[in-house]
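Trainee: Okay, so here is data21.txt, and as you'll see once you scroll down, it has compact mmCIF, C-alpha atoms.
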```txt
# COMPACT_ATOMS: atom_id res chain seq x y z
CA MET A 9 17.31 18.57 -8.03
CA ALA A 10 13.71 18.33 -6.90
CA SER A 11 11.78 21.32 -5.68
CA ILE A 12 10.77 21.48 -2.04
CA ALA A 13 7.20 20.51 -2.96
CA HIS A 14 8.37 17.51 -5.00
CA SER A 15 10.74 16.50 -2.22
CA LEU A 16 7.89 16.61 0.30
CA VAL A 17 5.58 14.58 -1.95
CA ALA A 18 8.39 12.10 -2.61
CA ALA A 19 8.91 11.74 1.14
CA LEU A 20 5.17 11.12 1.65
CA LEU A 21 5.13 8.50 -1.13
CA GLY A 22 8.14 6.82 0.43
CA ALA A 23 6.47 6.85 3.84
CA HIS A 24 3.33 5.29 2.34
CA GLY A 25 5.51 2.56 0.86
CA TRP A 26 7.24 2.04 4.20
CA VAL A 27 3.85 1.59 5.90
CA HIS A 28 3.17 -1.27 3.48
CA PHE A 29 6.44 -2.92 4.56
CA VAL A 30 5.63 -2.45 8.26
CA TYR A 31 2.21 -4.00 7.66
CA VAL A 32 3.86 -7.00 5.98
CA ALA A 33 6.44 -7.38 8.75
CA SER A 34 3.75 -7.18 11.43
CA ASN A 35 1.60 -9.82 9.73
CA GLN A 36 4.58 -12.12 9.35
CA GLY A 37 5.41 -11.65 13.04
CA TRP A 38 8.85 -10.15 12.35
CA PHE A 39 8.19 -6.85 14.13
CA GLY A 40 5.46 -4.29 14.26
CA PRO A 41 3.74 -1.53 16.10
CA GLY A 42 1.20 -3.80 17.79
CA ASP A 43 -2.01 -5.75 17.43
CA GLY A 44 -3.81 -2.96 15.57
CA TRP A 45 -1.56 -3.58 12.59
CA VAL A 46 -2.10 -7.31 12.35
CA TRP A 47 -4.59 -8.32 9.71
CA ASN A 48 -6.99 -11.07 10.77
CA GLY A 49 -6.18 -13.19 7.71
CA ARG A 50 -9.77 -13.42 6.51
CA SER A 51 -10.93 -12.26 3.10
CA TRP A 52 -14.49 -11.92 1.84
CA LEU A 53 -13.21 -13.13 -1.54
CA LEU A 54 -10.40 -15.62 -0.90
CA SER A 55 -11.19 -17.33 2.42
CA ARG A 56 -13.58 -19.78 0.77
CA PHE A 57 -10.79 -21.06 -1.48
CA LEU A 58 -7.50 -20.67 0.36
CA PRO A 59 -6.24 -21.34 3.89
CA GLU A 60 -5.51 -18.31 6.07
CA ARG A 61 -1.72 -18.87 6.04
CA VAL A 62 -1.66 -18.90 2.22
CA ILE A 63 -3.72 -15.71 2.05
CA ILE A 64 -1.39 -13.98 4.51
CA SER A 65 1.65 -15.08 2.49
CA LEU A 66 0.14 -13.87 -0.78
CA ALA A 67 -0.89 -10.60 0.84
CA SER A 68 2.65 -10.14 2.16
CA VAL A 69 4.20 -10.64 -1.27
CA PHE A 70 1.82 -8.29 -3.05
CA PHE A 71 1.78 -5.62 -0.33
CA GLY A 72 5.58 -5.78 -0.42
CA LEU A 73 5.47 -5.19 -4.18
CA ALA A 74 3.12 -2.24 -3.70
CA GLY A 75 5.43 -0.82 -1.02
CA PHE A 76 8.41 -1.22 -3.33
CA GLY A 77 6.42 0.54 -6.08
CA PHE A 78 5.65 3.51 -3.83
CA ILE A 79 9.29 3.83 -2.78
CA ALA A 80 10.49 3.49 -6.38
CA GLY A 81 7.95 6.13 -7.41
CA ALA A 82 9.22 8.42 -4.66
CA VAL A 83 12.81 8.02 -5.86
CA GLY A 84 11.71 8.59 -9.44
CA LEU A 85 9.82 11.75 -8.50
CA PHE A 86 12.73 13.09 -6.48
CA PHE A 87 15.18 12.58 -9.34
CA ALA A 88 12.61 13.56 -12.02
CA PHE A 89 12.74 10.22 -13.85
CA GLN A 90 10.00 9.92 -16.46
CA TRP A 91 8.80 6.52 -15.21
CA TRP A 92 7.78 7.61 -11.71
CA ARG A 93 4.15 8.33 -12.63
CA PRO A 94 3.17 4.90 -14.05
CA VAL A 95 5.09 3.09 -11.31
CA THR A 96 3.29 5.09 -8.62
CA VAL A 97 -0.15 4.61 -10.20
CA VAL A 98 0.41 0.84 -10.54
CA ALA A 99 1.51 0.68 -6.88
CA ALA A 100 -1.58 2.61 -5.75
CA LEU A 101 -3.92 0.49 -7.88
CA LEU A 102 -2.32 -2.74 -6.63
CA SER A 103 -2.55 -1.60 -3.02
CA THR A 104 -6.20 -0.57 -3.44
CA LEU A 105 -7.10 -3.83 -5.15
CA LEU A 106 -5.41 -5.77 -2.34
CA TYR A 107 -7.26 -3.86 0.36
CA ILE A 108 -10.57 -4.55 -1.37
CA MET A 109 -9.83 -8.23 -2.02
CA LEU A 110 -8.50 -8.85 1.49
CA TRP A 111 -11.21 -6.99 3.39
CA ASP A 112 -12.94 -9.35 5.81
CA GLY A 113 -16.43 -8.15 4.88
CA ARG A 114 -17.13 -6.46 8.22
CA PHE A 115 -17.55 -2.71 8.57
CA ALA A 116 -16.14 -2.50 12.10
CA ASP A 117 -12.76 -0.77 12.48
CA MET A 118 -12.47 0.17 8.81
CA PRO A 119 -9.35 2.39 9.24
CA ALA A 120 -7.39 -0.62 10.51
CA LYS A 121 -8.70 -2.69 7.60
CA GLY A 122 -7.25 -0.40 4.97
CA ALA A 123 -9.92 2.25 4.42
CA LEU A 124 -7.40 4.99 5.17
CA GLY A 125 -4.90 3.33 2.83
CA VAL A 126 -7.48 3.24 0.03
CA LEU A 127 -8.24 6.92 0.59
CA ILE A 128 -4.52 7.78 0.45
CA ASN A 129 -4.14 5.68 -2.71
CA LEU A 130 -7.02 7.51 -4.38
CA VAL A 131 -5.49 10.89 -3.49
CA VAL A 132 -2.12 9.69 -4.85
CA ILE A 133 -3.70 8.52 -8.11
CA GLY A 134 -5.61 11.79 -8.47
CA TRP A 135 -2.47 13.82 -7.88
CA VAL A 136 -0.28 11.75 -10.19
CA VAL A 137 -2.66 11.70 -13.17
CA ARG A 138 -3.69 15.34 -12.93
CA PRO A 139 -2.86 17.50 -15.95
CA ILE A 140 0.52 19.19 -15.59
```
Now that the file is in, can you turn its structure into structure tokens?

Mentor:
Amino acid sequence: MASIAHSLVAALLGAHGWVHFVYVASNQGWFGPGDGWVWNGRSWLLSRFLPERVIISLASVFFGLAGFGFIAGAVGLFFAFQWWRPVTVVAALLSTLLYIMLWDGRFADMPAKGALGVLINLVVIGWVVRPI
């Protein structure tokens, strides 16, 4: 059984994964907390090559994978499975890479564009790879 601290961290990792799913659902128009969660579909890197709908679909798939990775990592941490660390790091790196690639190139409203998510991912990576 996980300690209280590990249970709390696992819950936070799971919540971070859930936020990825809510972001995907909001962008797909399924449900969501409102306009502040809808990405504008523009990317400083991909918009020159791909139509907005394709970018949104790709983002949904990969953010869904990152969300699944965070939730799997949370389950692994809670049950003390050995694989939880690499799964969580890969999820955080994927999420960070996506936020960077999908940023629209404008500095306005950075928290809504993933800056907070990147900060959380960096904290997660730092915590996961720390010496035990």

Trainee: If we count all atoms listed in the file and set the cut-off at 9 Å, which residues sit around segment 128-140 of chain A, ignoring sequence neighbours fewer than 5 positions away in its own chain? Please answer as a PDB file with C-alpha atoms, in the coordinates of the input.

Mentor:
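That gives us around-v4.pdb:
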```pdb
ATOM      1  CA  LEU A  21       5.130   8.500  -1.130  1.00  0.00           C
ATOM      2  CA  HIS A  24       3.330   5.290   2.340  1.00  0.00           C
ATOM      3  CA  ARG A  93       4.150   8.330 -12.630  1.00  0.00           C
ATOM      4  CA  PRO A  94       3.170   4.900 -14.050  1.00  0.00           C
ATOM      5  CA  THR A  96       3.290   5.090  -8.620  1.00  0.00           C
ATOM      6  CA  VAL A  97      -0.150   4.610 -10.200  1.00  0.00           C
ATOM      7  CA  ALA A  99       1.510   0.680  -6.880  1.00  0.00           C
ATOM      8  CA  ALA A 100      -1.580   2.610  -5.750  1.00  0.00           C
ATOM      9  CA  LEU A 101      -3.920   0.490  -7.880  1.00  0.00           C
ATOM     10  CA  SER A 103      -2.550  -1.600  -3.020  1.00  0.00           C
ATOM     11  CA  THR A 104      -6.200  -0.570  -3.440  1.00  0.00           C
ATOM     12  CA  ALA A 123      -9.920   2.250   4.420  1.00  0.00           C
TER      13      ALA A 123
END
```

Trainee: Do you know which residues are at most 8 Å from Gly72 of chain A counting only C-alpha atoms, after dropping those on the same chain fewer than 3 positions away, and could you put them as a PyMOL selection string?

Mentor: chain A and resi 28-29+32+68-69+75-76

Trainee: Nearest to Gly22 of chain A among A:Trp111, A:Phe87, A:Trp92, A:Phe78, with distances taken over only C-alpha atoms: which residue is it?

Mentor: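 So, comparing all the options, the nearest one is A:Phe78.
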
Trainee: Measuring between only C-alpha atoms, which one of A:Ala116, A:Leu85, A:Val27, A:Leu106 shows the shortest distance to Ile64 of chain A?

Mentor: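 Answer, going by the shortest atom-to-atom distance: A:Leu106.
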
Trainee: One number please: atom CA of Leu53 of chain A to atom CA of Trp38 of chain A, in Å, one decimal.

Mentor: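 Straight-line distance from atom CA of Leu53 of chain A to atom CA of Trp38 of chain A works out to 26.2 Å.
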
Trainee: From the options A:Leu127, A:Ile108, A:Ala120, A:Leu54, which residue's atoms come nearest to Tyr31 of chain A, counting only C-alpha atoms?

Mentor: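 Residue with the minimum atom-to-atom distance to Tyr31 of chain A: A:Ala120.
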
Trainee: Using all atoms listed in the file, can you tell me which of A:Leu105, A:Met118, A:Leu73, A:Ala82 comes closest to Ser15 of chain A?

Mentor: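 Smallest separation from Ser15 of chain A among the options: A:Ala82.
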
Trainee: Would you work out the distance separating atom CA of Ile79 of chain A from atom CA of Leu20 of chain A, expressed in Å to one decimal?

Mentor: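 Spanning atom CA of Ile79 of chain A to atom CA of Leu20 of chain A is a straight-line distance of 9.5 Å.
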
Trainee: For Ser11 of chain A, which residue among A:Phe115, A:Trp91, A:Phe86, A:Phe57 is the nearest when counting all atoms listed in the file?

Mentor: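 Counting all atoms listed in the file, the residue closest to Ser11 of chain A is A:Phe86.
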
Trainee: Around all of segment 85-99 of chain A's listed atoms, make the axis-aligned box with 3 Å on each side and tell me centre and edge lengths in Å to one decimal, as lines of an AutoDock Vina configuration file.

Mentor:
```
center_x = 7.5
center_y = 7.1
center_z = -11.5
size_x = 21.3
size_y = 18.9
size_z = 16.0
```

Trainee: Which is closest to Pro119 of chain A among A:Leu16, A:Tyr107, A:Arg61, A:Gly84, if we use only C-alpha atoms?

Mentor: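 Distance minimum relative to Pro119 of chain A lands on A:Tyr107.
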
Trainee: List the neighbours of Gly113 of chain A out to 9 Å using all atoms listed in the file; skip same-chain residues closer than 6 positions along the sequence, and give me the result as a VMD selection string.

Mentor: chain A and resid 50 to 53

Trainee: Between atom CA of Ala13 of chain A and atom CA of Phe71 of chain A, what distance in Å does the model show, to one decimal?

Mentor: 26.8 Å

Trainee: Need a file for segment 46-69 of chain A from that block: N, CA and C atoms, written as a short mmCIF file (atom, residue, chain, number, x, y, z; two decimals), in the first residue's frame.

Mentor:
```
data_model
loop_
_atom_site.label_atom_id
_atom_site.label_comp_id
_atom_site.auth_asym_id
_atom_site.auth_seq_id
_atom_site.Cartn_x
_atom_site.Cartn_y
_atom_site.Cartn_z
N VAL A 46 -10.25 26.19 -24.87
CA VAL A 46 -10.22 25.82 -26.28
C VAL A 46 -8.97 26.43 -26.91
N TRP A 47 -8.16 25.57 -27.47
CA TRP A 47 -6.96 26.00 -28.16
C TRP A 47 -7.36 26.61 -29.49
N ASN A 48 -6.63 27.61 -29.95
CA ASN A 48 -7.00 28.31 -31.17
C ASN A 48 -6.65 27.54 -32.44
N GLY A 49 -5.95 26.42 -32.33
CA GLY A 49 -5.66 25.59 -33.49
C GLY A 49 -4.48 26.04 -34.31
N ARG A 50 -3.80 27.09 -33.89
CA ARG A 50 -2.65 27.59 -34.64
C ARG A 50 -1.36 27.16 -33.95
N SER A 51 -0.37 26.86 -34.75
CA SER A 51 0.93 26.42 -34.25
C SER A 51 2.02 27.18 -34.99
N TRP A 52 2.98 27.70 -34.23
CA TRP A 52 4.10 28.41 -34.86
C TRP A 52 4.90 27.46 -35.76
N LEU A 53 4.83 26.16 -35.49
CA LEU A 53 5.62 25.19 -36.23
C LEU A 53 4.84 24.48 -37.33
N LEU A 54 3.59 24.11 -37.05
CA LEU A 54 2.85 23.23 -37.95
C LEU A 54 1.85 23.93 -38.87
N SER A 55 1.43 25.13 -38.53
CA SER A 55 0.37 25.80 -39.30
C SER A 55 0.76 26.09 -40.74
N ARG A 56 2.04 26.18 -41.02
CA ARG A 56 2.47 26.41 -42.41
C ARG A 56 2.29 25.17 -43.28
N PHE A 57 2.22 24.00 -42.63
CA PHE A 57 2.20 22.74 -43.38
C PHE A 57 0.89 21.98 -43.33
N LEU A 58 0.13 22.18 -42.25
CA LEU A 58 -1.08 21.39 -42.03
C LEU A 58 -2.29 22.27 -41.78
N PRO A 59 -3.47 21.83 -42.22
CA PRO A 59 -4.69 22.60 -41.92
C PRO A 59 -5.01 22.52 -40.42
N GLU A 60 -5.71 23.52 -39.95
CA GLU A 60 -6.05 23.64 -38.53
C GLU A 60 -6.74 22.38 -37.99
N ARG A 61 -7.68 21.83 -38.73
CA ARG A 61 -8.43 20.65 -38.27
C ARG A 61 -7.51 19.45 -38.06
N VAL A 62 -6.53 19.29 -38.95
CA VAL A 62 -5.56 18.19 -38.82
C VAL A 62 -4.69 18.40 -37.59
N ILE A 63 -4.25 19.63 -37.37
CA ILE A 63 -3.42 19.93 -36.20
C ILE A 63 -4.21 19.64 -34.92
N ILE A 64 -5.46 20.06 -34.87
CA ILE A 64 -6.28 19.81 -33.69
C ILE A 64 -6.46 18.31 -33.47
N SER A 65 -6.67 17.56 -34.52
CA SER A 65 -6.82 16.11 -34.39
C SER A 65 -5.54 15.46 -33.89
N LEU A 66 -4.42 15.84 -34.46
CA LEU A 66 -3.13 15.31 -33.99
C LEU A 66 -2.87 15.68 -32.54
N ALA A 67 -3.15 16.93 -32.21
CA ALA A 67 -2.96 17.38 -30.83
C ALA A 67 -3.84 16.56 -29.88
N SER A 68 -5.06 16.29 -30.29
CA SER A 68 -5.97 15.51 -29.44
C SER A 68 -5.43 14.11 -29.20
N VAL A 69 -4.94 13.47 -30.23
CA VAL A 69 -4.40 12.11 -30.08
C VAL A 69 -3.21 12.12 -29.13
#
```
